[in-house]
Amino acid sequence: MSVEVIKSGGALGAEIRGVDLSRPMSDSTFADIHRAFLDNEIIYFRGQPLSDDDHIRFSRRFGELRRLNLDDVDKRHPEIFIISNIRNDKGDYIGSYDAGIFWHTDGSYLPNPHAASFLRAIEIPVKDGRALGDTVYASMTAAYDALDEGMKRRIDGLRAVHSIKYREEQTNKAGIAKKYNNAMMAAPEATHPVARIHPVTGRKCLWVSQGYTVRILGIPEDESQALIKQLSHYCVEERFQYRHRWQLHDLVLWDNCSTQHRATFDYELPLRRLLHRTVVMNPAAASEEQGSAAARAAM
Ligand code: SIN
């Protein structure tokens with residue numbers, strides 16, 4: 001099997017061809033895919049009608065999967081997070097209906113955010129022959145590299161607070177009264193560098209997001225707010241973007257260190273959208289979670 005990498009031509013993004021993800025994969029094929037993932041920051045496969053088990057098995061090649069303690073997790077597969085605008089018989093959404101409303105990296109309110117995310121298209125809204133609900137990605141390495149030297153020096157060593165409560169406040173302001181469960185609210189904030197170093201590639205990535213960054217530490221509040229506004233708008237400028245136009249049975253993988261993303265809400269019922277997502281932890285988070293599971297088991 002030979003892996004073909006077709007680059008988007010922009011700052012990030014590539015399509016991978018020549019692989020059937022439902023079949024066992026050799027280490028060398030996986031190494032090619034992993035390389036393409038690191039080089040292109042978001043990669044996608046078309047025409048992969050995977051089961052949840054296939055999806056989980058393939059994502060596990062990249063690392064331990066995080067089992068999310070969230071309302072929108074699939075009851076049969078705790079590794080699967082459901083994103084959907086579909087409602088059940090009681091009128092409740094069957095998954096997260098507002099995921100991606102703001103630019104963000106997945107799980108940035110956690111001390112150890114998700115390393116990578118894997119999103120699979122099960123139902124895609126189509127109107128007049130055109131798919132809706134694109135996901136837009138922006139390269140945080142390209143954004144960092146394009147900063148002027150003065151700004152690079154200014155943010156060097158700065159740390160920022162990322163907060164799920166802040167995101168909740170913003171969704172409330174936007175009239176989307178999403179309530180998060182208690183487990184999420186038990187760990188509502190984390191502090192991270194404004195420019196982080198990618199653990200594998202060593203490249204610098206900007207890390208300030210519209211959805212979650214609430215303040216930058218060690219500078220006056222007004223300066224902190226102005227800098228968050230400036231950087232969070234700057235880092236998602238069109239020149240740093242790739243726009244994914246979904247097709248049924250796509251699987252899209254993105255690196256949560258080197259990218260941010262945002263969903264597009266240009267569809268509504270009866271047009272249905274259903275995607276399943278898994279997330280891979282970085283190795284430090286995986287051993288921390290194993291440690292606390294072992295501690296719980298020993299109690
Ligand atoms: C997300 O933010 O993870 C979801 C993106 C999407 O639904 O397009």
# chains A, B, ... in the order shown; residues from 1 in each chain; ligands from 1
$ residues_near_ligand --ligand "ligand 1" --cutoff "8 Å" --atoms "only C-alpha atoms and all ligand atoms" --output "NGL selection string"
:A and (83-84 or 98-106 or 117 or 119 or 133-136 or 261-264 or 275 or 277)
$ select_by_dssp --residues "stretch 135-256 of chain A" --states "alpha helix (DSSP H)" --output "PyMOL selection string"
chain A and resi 140-145+149-155+164-173+182-185+221-234
$ closest_atom_pairs --of "stretch 204-272 of chain A" --to "stretch 31-46 of chain A" --cutoff "12 Å" --atoms "only C-alpha atoms" --output "CSV"
residue,atom,partner,partner_atom,distance
A:Cys205,CA,A:Glu41,CA,11.4
A:Phe240,CA,A:Glu41,CA,11.7
A:Gln241,CA,A:Ile42,CA,10.7
A:Tyr242,CA,A:Ile42,CA,8.6
A:Arg243,CA,A:Ile42,CA,10.4
A:His244,CA,A:Tyr44,CA,8.9
A:Arg245,CA,A:Tyr44,CA,10.7
A:Trp246,CA,A:Arg46,CA,9.0
A:Gln247,CA,A:Arg46,CA,7.2
A:Leu248,CA,A:Arg46,CA,8.0
A:His249,CA,A:Arg46,CA,6.4
A:Asp250,CA,A:Arg46,CA,4.5
A:Leu251,CA,A:Phe45,CA,5.2
A:Val252,CA,A:Tyr44,CA,4.3
A:Leu253,CA,A:Ile43,CA,5.4
A:Trp254,CA,A:Ile42,CA,4.2
A:Asp255,CA,A:Glu41,CA,5.4
A:Asn256,CA,A:Glu41,CA,8.5
A:Cys257,CA,A:Glu41,CA,8.8
A:Ser258,CA,A:Glu41,CA,6.3
A:Thr259,CA,A:Glu41,CA,6.7
A:Gln260,CA,A:Glu41,CA,10.0
A:His261,CA,A:Ile42,CA,10.1
$ select_by_dssp --residues "stretch 76-223 of chain A" --states "strand (DSSP E or B)" --output "PyMOL selection string"
chain A and resi 81-84+87+93+96+104+114-123+126-127+130-131+135-139+159-163+189-193+195-197+204-206+213-216
$ closest_residue --among "A:Ile94, A:Leu132, A:Ala116, A:Leu110" --to "A:Leu65" --atoms "only C-alpha atoms"
A:Ala116
$ residues_around --residues "A:Ala195" --least-positions-apart "2" --cutoff "7 Å" --atoms "only C-alpha atoms" --output "short mmCIF file (atom, residue, chain, number, x, y, z; two decimals) with C-alpha atoms, in the first residue's frame"
data_model
loop_
_atom_site.label_atom_id
_atom_site.label_comp_id
_atom_site.auth_asym_id
_atom_site.auth_seq_id
_atom_site.Cartn_x
_atom_site.Cartn_y
_atom_site.Cartn_z
CA ASP A 156 8.26 35.02 25.13
CA PRO A 193 2.36 29.34 27.53
CA ILE A 197 6.92 24.36 21.73
CA LYS A 204 6.76 27.20 18.14
CA CYS A 205 2.96 27.49 18.11
CA LEU A 206 0.82 30.44 19.20
CA TRP A 207 -1.69 29.49 21.90
#
$ closest_residue --among "A:Pro111, A:Glu237, A:Gly18, A:Arg272" --to "A:Ser139" --atoms "only C-alpha atoms"
A:Glu237
$ closest_residue --among "A:Tyr166, A:Tyr137, A:Tyr212, A:Phe118" --to "A:Gly10" --atoms "only C-alpha atoms"
A:Tyr137
$ closest_residue --among "A:Gln225, A:Gln230, A:Ser22, A:Asn112" --to "A:Met151" --atoms "only C-alpha atoms"
A:Gln230
$ residues_around --residues "A:Arg23" --least-positions-apart "3" --cutoff "10 Å" --atoms "only C-alpha atoms" --output "short mmCIF file (atom, residue, chain, number, x, y, z; two decimals) with C-alpha atoms, in the first residue's frame"
data_model
loop_
_atom_site.label_atom_id
_atom_site.label_comp_id
_atom_site.auth_asym_id
_atom_site.auth_seq_id
_atom_site.Cartn_x
_atom_site.Cartn_y
_atom_site.Cartn_z
CA VAL A 19 -5.06 3.70 2.45
CA ASP A 20 -8.06 1.68 3.65
CA SER A 26 1.73 -1.98 8.57
CA LEU A 50 -15.56 3.16 9.23
CA ASP A 54 -12.34 0.97 13.27
CA PHE A 58 -6.94 3.67 14.01
#
